[in-house]
Structure formats: C-alpha cells, structure tokens
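Structure file model-v7.txt (compact mmCIF, C-alpha atoms) is printed below.
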# COMPACT_ATOMS: atom_id res chain seq x y z
CA PRO A 1 28.89 13.73 -23.26
CA GLY A 2 32.10 14.31 -25.18
CA THR A 3 34.34 11.38 -25.96
CA PRO A 4 36.83 10.86 -23.09
CA MET A 5 39.45 9.35 -25.40
CA SER A 6 40.99 10.72 -28.55
CA LEU A 7 42.54 8.42 -31.15
CA PRO A 8 42.41 8.99 -34.93
CA HIS A 9 40.13 6.60 -36.75
CA LEU A 10 42.90 5.59 -39.16
CA VAL A 11 45.08 4.56 -36.24
CA LEU A 12 42.37 2.19 -35.06
CA LEU A 13 42.25 0.46 -38.41
CA VAL A 14 46.01 0.15 -38.79
CA LEU A 15 46.32 -1.07 -35.21
CA ALA A 16 43.71 -3.76 -35.71
CA VAL A 17 45.38 -5.06 -38.83
CA ALA A 18 48.90 -4.81 -37.44
CA ALA A 19 47.88 -6.85 -34.42
CA THR A 20 46.60 -9.72 -36.52
CA ALA A 21 48.30 -12.36 -38.63
CA GLY A 22 46.93 -10.81 -41.83
CA ALA A 23 48.84 -7.55 -41.45
CA LEU A 24 51.42 -8.24 -44.17
CA GLY A 25 48.81 -9.19 -46.75
CA TRP A 26 46.81 -6.06 -46.03
CA PHE A 27 49.72 -3.74 -46.59
CA LEU A 28 50.95 -5.63 -49.65
CA ALA A 29 47.77 -4.47 -51.38
CA ASP A 30 49.36 -1.02 -51.67
CA ARG A 31 53.17 -1.05 -51.93
CA ARG A 32 53.31 2.72 -52.20
CA ARG A 33 52.57 3.05 -48.48
CA THR A 34 56.22 2.63 -47.50
CA GLY A 35 58.13 3.78 -50.57
CA ALA A 36 60.06 0.50 -50.61
CA THR A 37 61.63 -0.43 -53.95
CA THR A 38 62.26 -4.15 -53.39
CA THR A 39 60.26 -6.94 -51.84
CA GLU A 40 62.87 -7.35 -49.10
CA GLU A 41 62.79 -3.64 -48.22
CA TYR A 42 59.05 -3.62 -48.28
CA GLU A 43 58.72 -6.65 -46.03
CA ALA A 44 61.28 -5.15 -43.62
CA SER A 45 59.31 -1.90 -43.45
CA ILE A 46 56.10 -3.85 -42.86
CA LEU A 47 57.73 -5.79 -40.03
CA GLU A 48 58.92 -2.55 -38.43
CA MET A 49 55.45 -1.01 -38.76
CA ARG A 50 53.82 -4.06 -37.27
CA GLN A 51 56.25 -4.04 -34.33
CA ARG A 52 55.45 -0.38 -33.63
CA TRP A 53 51.69 -0.92 -33.66
CA THR A 54 52.01 -4.06 -31.59
CA TYR A 55 53.98 -2.09 -29.00
CA LEU A 56 51.26 0.59 -28.96
CA PHE A 57 48.59 -2.09 -28.56
CA GLU A 58 50.38 -3.70 -25.64
CA GLN A 59 51.44 -0.48 -23.86
CA ALA A 60 48.36 1.68 -24.40
CA GLY A 61 46.92 3.12 -21.21
CA TRP A 62 43.33 2.49 -22.32
CA GLY A 63 41.64 -0.82 -23.04
CA ILE A 64 41.76 -2.18 -26.59
CA ALA A 65 39.88 -5.30 -27.65
CA ILE A 66 39.80 -6.90 -31.10
CA GLY A 67 36.96 -9.29 -31.83
CA SER A 68 35.44 -11.30 -34.62
CA ASP A 69 32.30 -9.91 -36.19
CA LYS A 70 31.03 -13.37 -37.14
CA THR A 71 31.56 -15.21 -33.85
CA ASN A 72 31.44 -12.31 -31.34
CA ILE A 73 34.56 -13.73 -29.69
CA PHE A 74 37.54 -11.72 -28.47
CA SER A 75 40.49 -12.43 -30.77
CA THR A 76 42.80 -10.59 -28.40
CA VAL A 77 42.79 -7.80 -25.82
CA ASN A 78 45.58 -5.66 -24.47
CA ALA A 79 46.88 -5.62 -20.91
CA ALA A 80 45.00 -2.44 -19.98
CA PHE A 81 41.67 -3.99 -21.03
CA ALA A 82 42.44 -7.12 -19.00
CA ARG A 83 43.45 -5.11 -15.91
CA MET A 84 40.30 -3.01 -15.87
CA HIS A 85 38.28 -6.24 -15.90
CA GLY A 86 40.33 -7.85 -13.11
CA SER A 87 41.48 -10.57 -15.47
CA ASP A 88 44.39 -11.44 -17.76
CA VAL A 89 44.81 -11.39 -21.52
CA GLU A 90 44.78 -15.16 -21.95
CA GLU A 91 41.59 -15.56 -19.94
CA LEU A 92 39.68 -12.96 -21.95
CA SER A 93 40.94 -14.02 -25.37
CA GLY A 94 38.39 -16.43 -26.83
CA LYS A 95 35.60 -15.21 -24.53
CA ASP A 96 32.20 -14.02 -25.75
CA ILE A 97 32.45 -10.25 -26.26
CA PHE A 98 29.06 -9.48 -24.75
CA GLU A 99 29.80 -11.30 -21.50
CA VAL A 100 31.83 -8.34 -20.26
CA PHE A 101 28.71 -6.15 -20.44
CA ALA A 102 26.24 -5.90 -17.57
CA GLU A 103 23.30 -8.11 -18.48
CA GLU A 104 20.85 -5.25 -18.89
CA ARG A 105 23.24 -3.48 -21.31
CA ARG A 106 23.91 -6.41 -23.65
CA ALA A 107 21.00 -5.74 -26.01
CA GLU A 108 22.18 -2.14 -26.37
CA ALA A 109 25.74 -3.35 -27.03
CA ARG A 110 24.54 -5.63 -29.83
CA THR A 111 22.62 -2.75 -31.37
CA MET A 112 25.66 -0.46 -31.24
CA ALA A 113 27.87 -3.18 -32.71
CA ALA A 114 25.45 -3.53 -35.61
CA SER A 115 25.49 0.25 -36.01
CA ALA A 116 29.30 0.20 -36.24
CA VAL A 117 29.12 -2.44 -38.95
CA ALA A 118 26.66 -0.30 -40.91
CA SER A 119 28.38 3.06 -40.47
CA GLY A 120 31.99 2.12 -39.67
CA ARG A 121 31.99 3.44 -36.13
CA SER A 122 29.87 3.92 -33.02
CA GLU A 123 30.43 5.42 -29.57
CA TRP A 124 28.42 5.04 -26.39
CA GLU A 125 28.49 4.81 -22.63
CA SER A 126 27.86 1.44 -21.03
CA VAL A 127 28.53 -0.73 -17.98
CA HIS A 128 31.09 -3.56 -17.86
CA LEU A 129 31.62 -6.40 -15.41
CA ARG A 130 34.86 -7.35 -13.71
CA LYS A 131 35.81 -10.95 -13.11
CA ASP A 132 34.53 -10.69 -9.52
CA GLY A 133 31.14 -9.47 -10.73
CA SER A 134 31.61 -5.82 -9.75
CA ARG A 135 30.43 -3.19 -12.22
CA PHE A 136 32.07 -0.09 -13.64
CA PRO A 137 31.05 2.54 -16.22
CA VAL A 138 32.89 2.67 -19.54
CA TRP A 139 33.04 4.76 -22.67
CA ILE A 140 33.36 2.67 -25.84
CA ASP A 141 34.68 3.76 -29.24
CA LEU A 142 33.99 0.89 -31.65
CA SER A 143 35.34 0.69 -35.21
CA VAL A 144 35.31 -2.03 -37.84
CA VAL A 145 38.01 -3.40 -40.15
CA LYS A 146 36.93 -4.64 -43.58
CA ASP A 147 38.66 -6.84 -46.13
CA ALA A 148 39.19 -6.01 -49.82
CA GLN A 149 35.63 -7.18 -50.59
CA GLY A 150 34.14 -4.83 -48.02
CA GLU A 151 33.29 -7.59 -45.55
CA VAL A 152 33.79 -6.86 -41.86
CA VAL A 153 36.48 -9.13 -40.44
CA TYR A 154 37.20 -7.48 -37.09
CA ARG A 155 35.68 -5.05 -34.64
CA VAL A 156 38.10 -2.89 -32.67
CA ALA A 157 36.92 -1.46 -29.35
CA ASN A 158 38.73 1.27 -27.45
CA VAL A 159 37.40 1.18 -23.89
CA GLN A 160 37.96 3.68 -21.10
CA ASP A 161 36.96 3.23 -17.47
CA ILE A 162 35.10 6.47 -16.64
CA SER A 163 34.54 5.74 -12.94
CA ASP A 164 36.61 8.77 -11.86
CA ARG A 165 34.72 11.07 -14.20
CA LYS A 166 31.41 9.75 -12.88
CA ARG A 167 32.50 10.36 -9.29
CA GLN A 168 33.60 13.90 -10.13
CA ASP A 169 30.24 14.60 -11.81
CA ALA A 170 28.38 13.22 -8.79
CA ASN A 171 30.46 15.33 -6.40
CA LEU A 172 29.80 18.44 -8.48
CA ARG A 173 26.05 17.80 -8.51
CA LYS A 174 26.10 17.26 -4.74
CA SER A 175 28.00 20.51 -4.18
CA GLU A 176 25.50 22.40 -6.32
CA SER A 177 22.60 20.80 -4.46
CA ASP A 178 24.15 21.64 -1.07
CA LEU A 179 24.64 25.25 -2.15
CA ASP A 180 21.03 25.56 -3.31
CA ARG A 181 19.80 24.10 -0.02
CA ALA A 182 21.99 26.42 2.06
CA GLN A 183 20.80 29.48 0.14
CA LYS A 184 17.17 28.54 0.68
CA LEU A 185 17.69 28.11 4.41
CA ALA A 186 19.54 31.42 4.73
CA GLN A 187 17.36 33.17 2.15
CA LEU A 188 20.46 34.26 0.30
CA GLY A 189 20.99 34.36 -3.43
CA SER A 190 24.05 34.44 -5.62
CA TRP A 191 24.91 35.41 -9.14
CA HIS A 192 27.71 34.89 -11.65
CA TRP A 193 28.66 37.49 -14.21
CA HIS A 194 30.19 36.01 -17.38
CA VAL A 195 32.12 39.06 -18.54
CA PRO A 196 33.22 37.88 -22.02
CA GLU A 197 29.63 36.98 -22.96
CA GLY A 198 28.07 39.82 -21.00
CA GLN A 199 25.70 37.35 -19.30
CA LEU A 200 24.44 37.35 -15.72
CA GLU A 201 23.46 34.01 -14.15
CA TRP A 202 21.27 33.96 -11.04
CA SER A 203 20.85 31.17 -8.52
CA ASP A 204 17.37 29.71 -7.98
CA GLU A 205 17.05 31.42 -4.59
CA LEU A 206 17.85 34.84 -6.05
CA TYR A 207 14.94 34.44 -8.47
CA SER A 208 12.76 33.52 -5.50
CA ILE A 209 13.88 36.53 -3.43
CA PHE A 210 12.93 38.94 -6.21
CA GLY A 211 9.75 37.04 -7.05
CA ILE A 212 10.78 36.50 -10.66
CA ALA A 213 9.93 33.35 -12.58
CA LYS A 214 13.05 31.57 -13.80
Just give me the structure as structure tokens.
Amino acid sequence: PGTPMSLPHLVLLVLAVAATAGALGWFLADRRRTGATTTEEYEASILEMRQRWTYLFEQAGWGIAIGSDKTNIFSTVNAAFARMHGSDVEELSGKDIFEVFAEERRAEARTMAASAVASGRSEWESVHLRKDGSRFPVWIDLSVVKDAQGEVVYRVANVQDISDRKRQDANLRKSESDLDRAQKLAQLGSWHWHVPEGQLEWSDELYSIFGIAK
C-alpha cells in the first residue's frame, strides 16, 4: 500500500537533531546553512531553528518517536505518539522501543530497524499495543540520524494509526462481496465502462451468464 503520511526525508533528519541536545553542534559543522556572519548571529539563528522544529515535533498530528540505536530505548516521543498509545510522554520516554509492538510483530520490527540502519530508511505496516493492551494497526516510516563519522546515533519513527483506513477497506470489501452475492442470487450481472481508457469491466456473474471464463 502507499504511504499514508508524507514528510520529506530531510525534515525527519533535521527534526531529530533539533529535538536533541546535540542540535547546535550538528549545525555548527556547516555555518553556511544560515548565512550568519558572526557567532552570535549564528547561534541566534540556530536557536530559532531549533524552536521551530521543536514546535513541529510537539504539535504534529502524527506520532513521532526518537530512539537510541544502541540501547533500543525511546529518547523522547511527541504528544500524538503518546495519545495513540493511551499513555503520556514521560511514561514512554525511557521505555524499550519494541515493547509497543504486538509480540508477534517484534521480530519483524527488529528486522526493519536493521534495514533502516543499512539503507537509511524503511517503511512497513505493523501492529502496536496501547497501555491497556488493546491493539491497533500502524504505518511506520523509520529513518536514521548519523554523526560525522557515519555512526547511527538516533532512529526517528513517524507513526500513523491506520485504523480508520483499515475499517474503510474492510467496509469496501464487504460491499463488493454483498454485491457479488446479490447478483448471483438474482442472476444479474453488471459492467463498468472506463471511458478514458476504453476498457470494459465485467462482474463475475456477468461472465457466468455468458458462459465466458474470466
């Protein structure tokens, strides 16, 4: 399936760094980023940038979690991530990352995390657990942040609860199944003509009525 969320990869990296204590050092590696001419101007521009990204992190409508690659512990999560898990930011910060996954999906999550480390990014559908033990489907967009030596220091996960999309898909499949069943009972067929493509699409029962193999 297509990715339910859309956020530029560069934004993920800047956000991860801006939300951590090492943000200033990271940007100091390239003073041309802000066009500042003095140390004071540069540090002021860095502070403003960090405040903007911190605001985005805190106010984003999707879940964002930043975790350590070495310890697999959440460094911090935003309010949206905490809400979708029925918890709060303080309670999730410092928790094992893989504990929010349904038990049968944890091995897959570890594999995808390793893939993100190797390639820089990975995306997949999984199942998370709320604090009360209830389950919900999620789409995860995982990126990594590396230091100047190329070592991974953080993993940044953008997480979207796709429960509504799953329900809509299930309702659509049920409607299609009900229509097929009704056509068989009534021995009626239907067709759709896709004018731009010049294609004609028959229902299963219409094939059956005319004795044509689908």
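Within the 6 Å cut-off around A:Trp139, using all atoms listed in the file and omitting residues fewer than 5 positions from it on the same chain, the listed residues are Trp124, Glu125, Val159 and Gln160 of chain A.
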*Residue nearest A:Ala102 among A:Ala82, A:Ala114, A:Val89, A:Leu129 (counting only C-alpha atoms)*: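 Checking each of A:Ala82, A:Ala114, A:Val89, A:Leu129 against A:Ala102, counting only C-alpha atoms, the winner is A:Leu129.
Residue nearest A:Glu176, chosen from A:Thr111, A:Asp204, A:Ser87, A:Gly198 and counting all atoms listed in the file: A:Asp204.
All protein, DNA and RNA residues at most 10 Å from (45.0, -8.6, -26.8) are A:Ala19, A:Thr20, A:Thr54, A:Phe57, A:Glu58, A:Gly63, A:Ile64, A:Ala65, A:Ile66, A:Gly67, A:Phe74, A:Ser75, A:Thr76, A:Val77, A:Asn78, A:Ala79, A:Ala80, A:Phe81, A:Ala82, A:Asp88, A:Val89, A:Glu90, A:Leu92, A:Ser93, using all atoms listed in the file.
Compared by their closest atoms to A:Thr71, and using all atoms listed in the file, the residues A:Ala116, A:Ala109, A:Ser175, A:Lys95 rank with A:Lys95 nearest.
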_Two-atom distance - atom CA of A:Ser143, atom CA of A:Glu108 (Å)_ = 16.1 Å
*Pick out the closest residue to A:Ala157 from this set: A:Glu201, A:Asp132, A:Asp141, A:Glu91. Count only C-alpha atoms.*
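Closest residue, counting only C-alpha atoms: A:Asp141.
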*Out of A:Arg173, A:Arg83, A:Arg130, A:Arg121, which residue has the shortest atom-to-atom distance to A:Val100 when counting all atoms listed in the file?*
A:Arg130
*Quick one: pull the distance between atom CA of A:Gln183 and atom CA of A:Tyr207, Å, one decimal.*
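It comes out at 11.5 Å.
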Selection: 8 Å around A:Leu188, all atoms listed in the file, excl. self and same-chain fewer than 5 positions, as a CSV table (one decimal) with C-alpha atoms, in the frame of the given file:
chain,number,residue,atom,x,y,z
A,183,GLN,CA,20.8,29.5,0.1
A,205,GLU,CA,17.0,31.4,-4.6
A,206,LEU,CA,17.8,34.8,-6.0
A,209,ILE,CA,13.9,36.5,-3.4
*Using only C-alpha atoms, which residues sit within 7 Å of A:Asp96 once same-chain residues fewer than 3 positions away are excluded, as a PyMOL selection string?*
chain A and resi 72-74+99
Those residues with C-alpha atoms, as a compact mmCIF listing (two decimals), keeping the file's coordinate frame please?
# COMPACT_ATOMS: atom_id res chain seq x y z
CA ASN A 72 31.44 -12.31 -31.34
CA ILE A 73 34.56 -13.73 -29.69
CA PHE A 74 37.54 -11.72 -28.47
CA GLU A 99 29.80 -11.30 -21.50
*Figure out the distance between atom CA of A:Ser68 and atom CA of A:Gln51, please, to one decimal in Å.*
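That distance, rounded to one decimal, is 22.0 Å.
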*Of the residues A:Arg135, A:Phe101, A:Ala118, A:Gln199, which is the one nearest to A:Gly150, using all atoms listed in the file?*
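Ranking A:Arg135, A:Phe101, A:Ala118, A:Gln199 by distance to A:Gly150, first place goes to A:Ala118.
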Keeping C-alpha atoms (and nothing else), can you write stretch 78-182 of chain A of this structure as a PDB file, in the first residue's frame?
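So out-v6.pdb came out as:
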ATOM      1  CA  ASN A  78       5.692  13.567  20.965  1.00  0.00           C
ATOM      2  CA  ALA A  79       2.217  14.035  22.396  1.00  0.00           C
ATOM      3  CA  ALA A  80       0.476  12.477  19.386  1.00  0.00           C
ATOM      4  CA  PHE A  81       2.526   9.279  19.741  1.00  0.00           C
ATOM      5  CA  ALA A  82       1.709   9.116  23.454  1.00  0.00           C
ATOM      6  CA  ARG A  83      -2.021   9.693  22.862  1.00  0.00           C
ATOM      7  CA  MET A  84      -2.345   6.954  20.278  1.00  0.00           C
ATOM      8  CA  HIS A  85      -0.808   4.544  22.799  1.00  0.00           C
ATOM      9  CA  GLY A  86      -3.082   5.670  25.644  1.00  0.00           C
ATOM     10  CA  SER A  87      -0.094   6.912  27.597  1.00  0.00           C
ATOM     11  CA  ASP A  88       1.872  10.095  28.253  1.00  0.00           C
ATOM     12  CA  VAL A  89       5.235  11.351  27.037  1.00  0.00           C
ATOM     13  CA  GLU A  90       7.023  10.870  30.352  1.00  0.00           C
ATOM     14  CA  GLU A  91       5.829   7.293  30.703  1.00  0.00           C
ATOM     15  CA  LEU A  92       7.001   6.263  27.236  1.00  0.00           C
ATOM     16  CA  SER A  93      10.334   8.084  27.336  1.00  0.00           C
ATOM     17  CA  GLY A  94      12.960   5.608  28.511  1.00  0.00           C
ATOM     18  CA  LYS A  95      10.836   2.586  27.564  1.00  0.00           C
ATOM     19  CA  ASP A  96      12.039  -0.256  25.337  1.00  0.00           C
ATOM     20  CA  ILE A  97      11.074   0.639  21.758  1.00  0.00           C
ATOM     21  CA  PHE A  98       9.933  -2.847  20.830  1.00  0.00           C
ATOM     22  CA  GLU A  99       7.512  -3.122  23.752  1.00  0.00           C
ATOM     23  CA  VAL A 100       4.965  -1.007  21.880  1.00  0.00           C
ATOM     24  CA  PHE A 101       4.802  -3.662  19.147  1.00  0.00           C
ATOM     25  CA  ALA A 102       2.469  -6.648  19.341  1.00  0.00           C
ATOM     26  CA  GLU A 103       4.581  -9.599  20.442  1.00  0.00           C
ATOM     27  CA  GLU A 104       4.274 -11.460  17.155  1.00  0.00           C
ATOM     28  CA  ARG A 105       5.466  -8.361  15.230  1.00  0.00           C
ATOM     29  CA  ARG A 106       8.588  -7.619  17.277  1.00  0.00           C
ATOM     30  CA  ALA A 107      10.954  -9.802  15.247  1.00  0.00           C
ATOM     31  CA  GLU A 108       9.769  -8.066  12.080  1.00  0.00           C
ATOM     32  CA  ALA A 109      10.265  -4.664  13.731  1.00  0.00           C
ATOM     33  CA  ARG A 110      13.855  -5.526  14.629  1.00  0.00           C
ATOM     34  CA  THR A 111      14.499  -6.624  11.058  1.00  0.00           C
ATOM     35  CA  MET A 112      13.063  -3.391   9.651  1.00  0.00           C
ATOM     36  CA  ALA A 113      15.072  -1.322  12.135  1.00  0.00           C
ATOM     37  CA  ALA A 114      18.232  -3.069  10.965  1.00  0.00           C
ATOM     38  CA  SER A 115      17.199  -2.388   7.372  1.00  0.00           C
ATOM     39  CA  ALA A 116      16.828   1.327   8.155  1.00  0.00           C
ATOM     40  CA  VAL A 117      20.323   1.376   9.633  1.00  0.00           C
ATOM     41  CA  ALA A 118      21.699  -0.253   6.488  1.00  0.00           C
ATOM     42  CA  SER A 119      19.787   1.791   3.914  1.00  0.00           C
ATOM     43  CA  GLY A 120      18.845   4.964   5.817  1.00  0.00           C
ATOM     44  CA  ARG A 121      15.111   4.368   5.796  1.00  0.00           C
ATOM     45  CA  SER A 122      12.411   1.702   5.942  1.00  0.00           C
ATOM     46  CA  GLU A 123       8.613   1.690   5.841  1.00  0.00           C
ATOM     47  CA  TRP A 124       6.159  -1.009   6.824  1.00  0.00           C
ATOM     48  CA  GLU A 125       2.784  -1.806   8.303  1.00  0.00           C
ATOM     49  CA  SER A 126       2.667  -3.262  11.803  1.00  0.00           C
ATOM     50  CA  VAL A 127       0.570  -3.599  14.959  1.00  0.00           C
ATOM     51  CA  HIS A 128       1.116  -1.567  18.136  1.00  0.00           C
ATOM     52  CA  LEU A 129      -0.158  -2.011  21.676  1.00  0.00           C
ATOM     53  CA  ARG A 130      -1.867   0.599  23.813  1.00  0.00           C
ATOM     54  CA  LYS A 131      -1.237   0.862  27.529  1.00  0.00           C
ATOM     55  CA  ASP A 132      -4.420  -1.129  28.213  1.00  0.00           C
ATOM     56  CA  GLY A 133      -3.239  -3.960  25.964  1.00  0.00           C
ATOM     57  CA  SER A 134      -5.557  -3.197  23.038  1.00  0.00           C
ATOM     58  CA  ARG A 135      -4.088  -3.403  19.553  1.00  0.00           C
ATOM     59  CA  PHE A 136      -4.194  -1.060  16.578  1.00  0.00           C
ATOM     60  CA  PRO A 137      -2.647  -1.090  13.085  1.00  0.00           C
ATOM     61  CA  VAL A 138       0.062   1.440  12.251  1.00  0.00           C
ATOM     62  CA  TRP A 139       2.136   2.582   9.308  1.00  0.00           C
ATOM     63  CA  ILE A 140       5.761   3.294  10.238  1.00  0.00           C
ATOM     64  CA  ASP A 141       8.262   5.474   8.385  1.00  0.00           C
ATOM     65  CA  LEU A 142      11.642   4.930  10.060  1.00  0.00           C
ATOM     66  CA  SER A 143      14.765   6.995   9.349  1.00  0.00           C
ATOM     67  CA  VAL A 144      18.193   7.154  10.952  1.00  0.00           C
ATOM     68  CA  VAL A 145      20.391  10.071  12.020  1.00  0.00           C
ATOM     69  CA  LYS A 146      24.158   9.614  11.774  1.00  0.00           C
ATOM     70  CA  ASP A 147      27.037  11.535  13.307  1.00  0.00           C
ATOM     71  CA  ALA A 148      30.028  12.978  11.428  1.00  0.00           C
ATOM     72  CA  GLN A 149      31.716   9.554  11.480  1.00  0.00           C
ATOM     73  CA  GLY A 150      28.728   7.881   9.869  1.00  0.00           C
ATOM     74  CA  GLU A 151      27.620   6.113  13.045  1.00  0.00           C
ATOM     75  CA  VAL A 152      23.891   5.882  13.717  1.00  0.00           C
ATOM     76  CA  VAL A 153      23.014   7.836  16.850  1.00  0.00           C
ATOM     77  CA  TYR A 154      19.224   8.028  16.614  1.00  0.00           C
ATOM     78  CA  ARG A 155      16.321   6.371  14.874  1.00  0.00           C
ATOM     79  CA  VAL A 156      13.334   8.578  14.074  1.00  0.00           C
ATOM     80  CA  ALA A 157       9.952   6.902  13.616  1.00  0.00           C
ATOM     81  CA  ASN A 158       6.918   8.622  12.132  1.00  0.00           C
ATOM     82  CA  VAL A 159       3.898   6.540  13.128  1.00  0.00           C
ATOM     83  CA  GLN A 160       0.334   6.819  11.880  1.00  0.00           C
ATOM     84  CA  ASP A 161      -2.673   4.989  13.299  1.00  0.00           C
ATOM     85  CA  ILE A 162      -4.345   3.472  10.209  1.00  0.00           C
ATOM     86  CA  SER A 163      -7.378   2.008  11.996  1.00  0.00           C
ATOM     87  CA  ASP A 164      -9.803   4.200  10.021  1.00  0.00           C
ATOM     88  CA  ARG A 165      -8.225   3.224   6.717  1.00  0.00           C
ATOM     89  CA  LYS A 166      -8.430  -0.447   7.662  1.00  0.00           C
ATOM     90  CA  ARG A 167     -12.116  -0.100   8.536  1.00  0.00           C
ATOM     91  CA  GLN A 168     -12.824   1.649   5.245  1.00  0.00           C
ATOM     92  CA  ASP A 169     -11.019  -1.111   3.320  1.00  0.00           C
ATOM     93  CA  ALA A 170     -12.984  -3.778   5.197  1.00  0.00           C
ATOM     94  CA  ASN A 171     -16.283  -1.995   4.512  1.00  0.00           C
ATOM     95  CA  LEU A 172     -15.425  -1.725   0.821  1.00  0.00           C
ATOM     96  CA  ARG A 173     -14.577  -5.420   0.591  1.00  0.00           C
ATOM     97  CA  LYS A 174     -17.839  -6.291   2.358  1.00  0.00           C
ATOM     98  CA  SER A 175     -19.851  -4.120  -0.027  1.00  0.00           C
ATOM     99  CA  GLU A 176     -18.204  -5.775  -3.020  1.00  0.00           C
ATOM    100  CA  SER A 177     -18.860  -9.217  -1.543  1.00  0.00           C
ATOM    101  CA  ASP A 178     -22.521  -8.355  -0.854  1.00  0.00           C
ATOM    102  CA  LEU A 179     -22.941  -7.119  -4.420  1.00  0.00           C
ATOM    103  CA  ASP A 180     -21.429 -10.303  -5.863  1.00  0.00           C
ATOM    104  CA  ARG A 181     -23.713 -12.426  -3.686  1.00  0.00           C
ATOM    105  CA  ALA A 182     -26.815 -10.441  -4.654  1.00  0.00           C
TER     106      ALA A 182
END
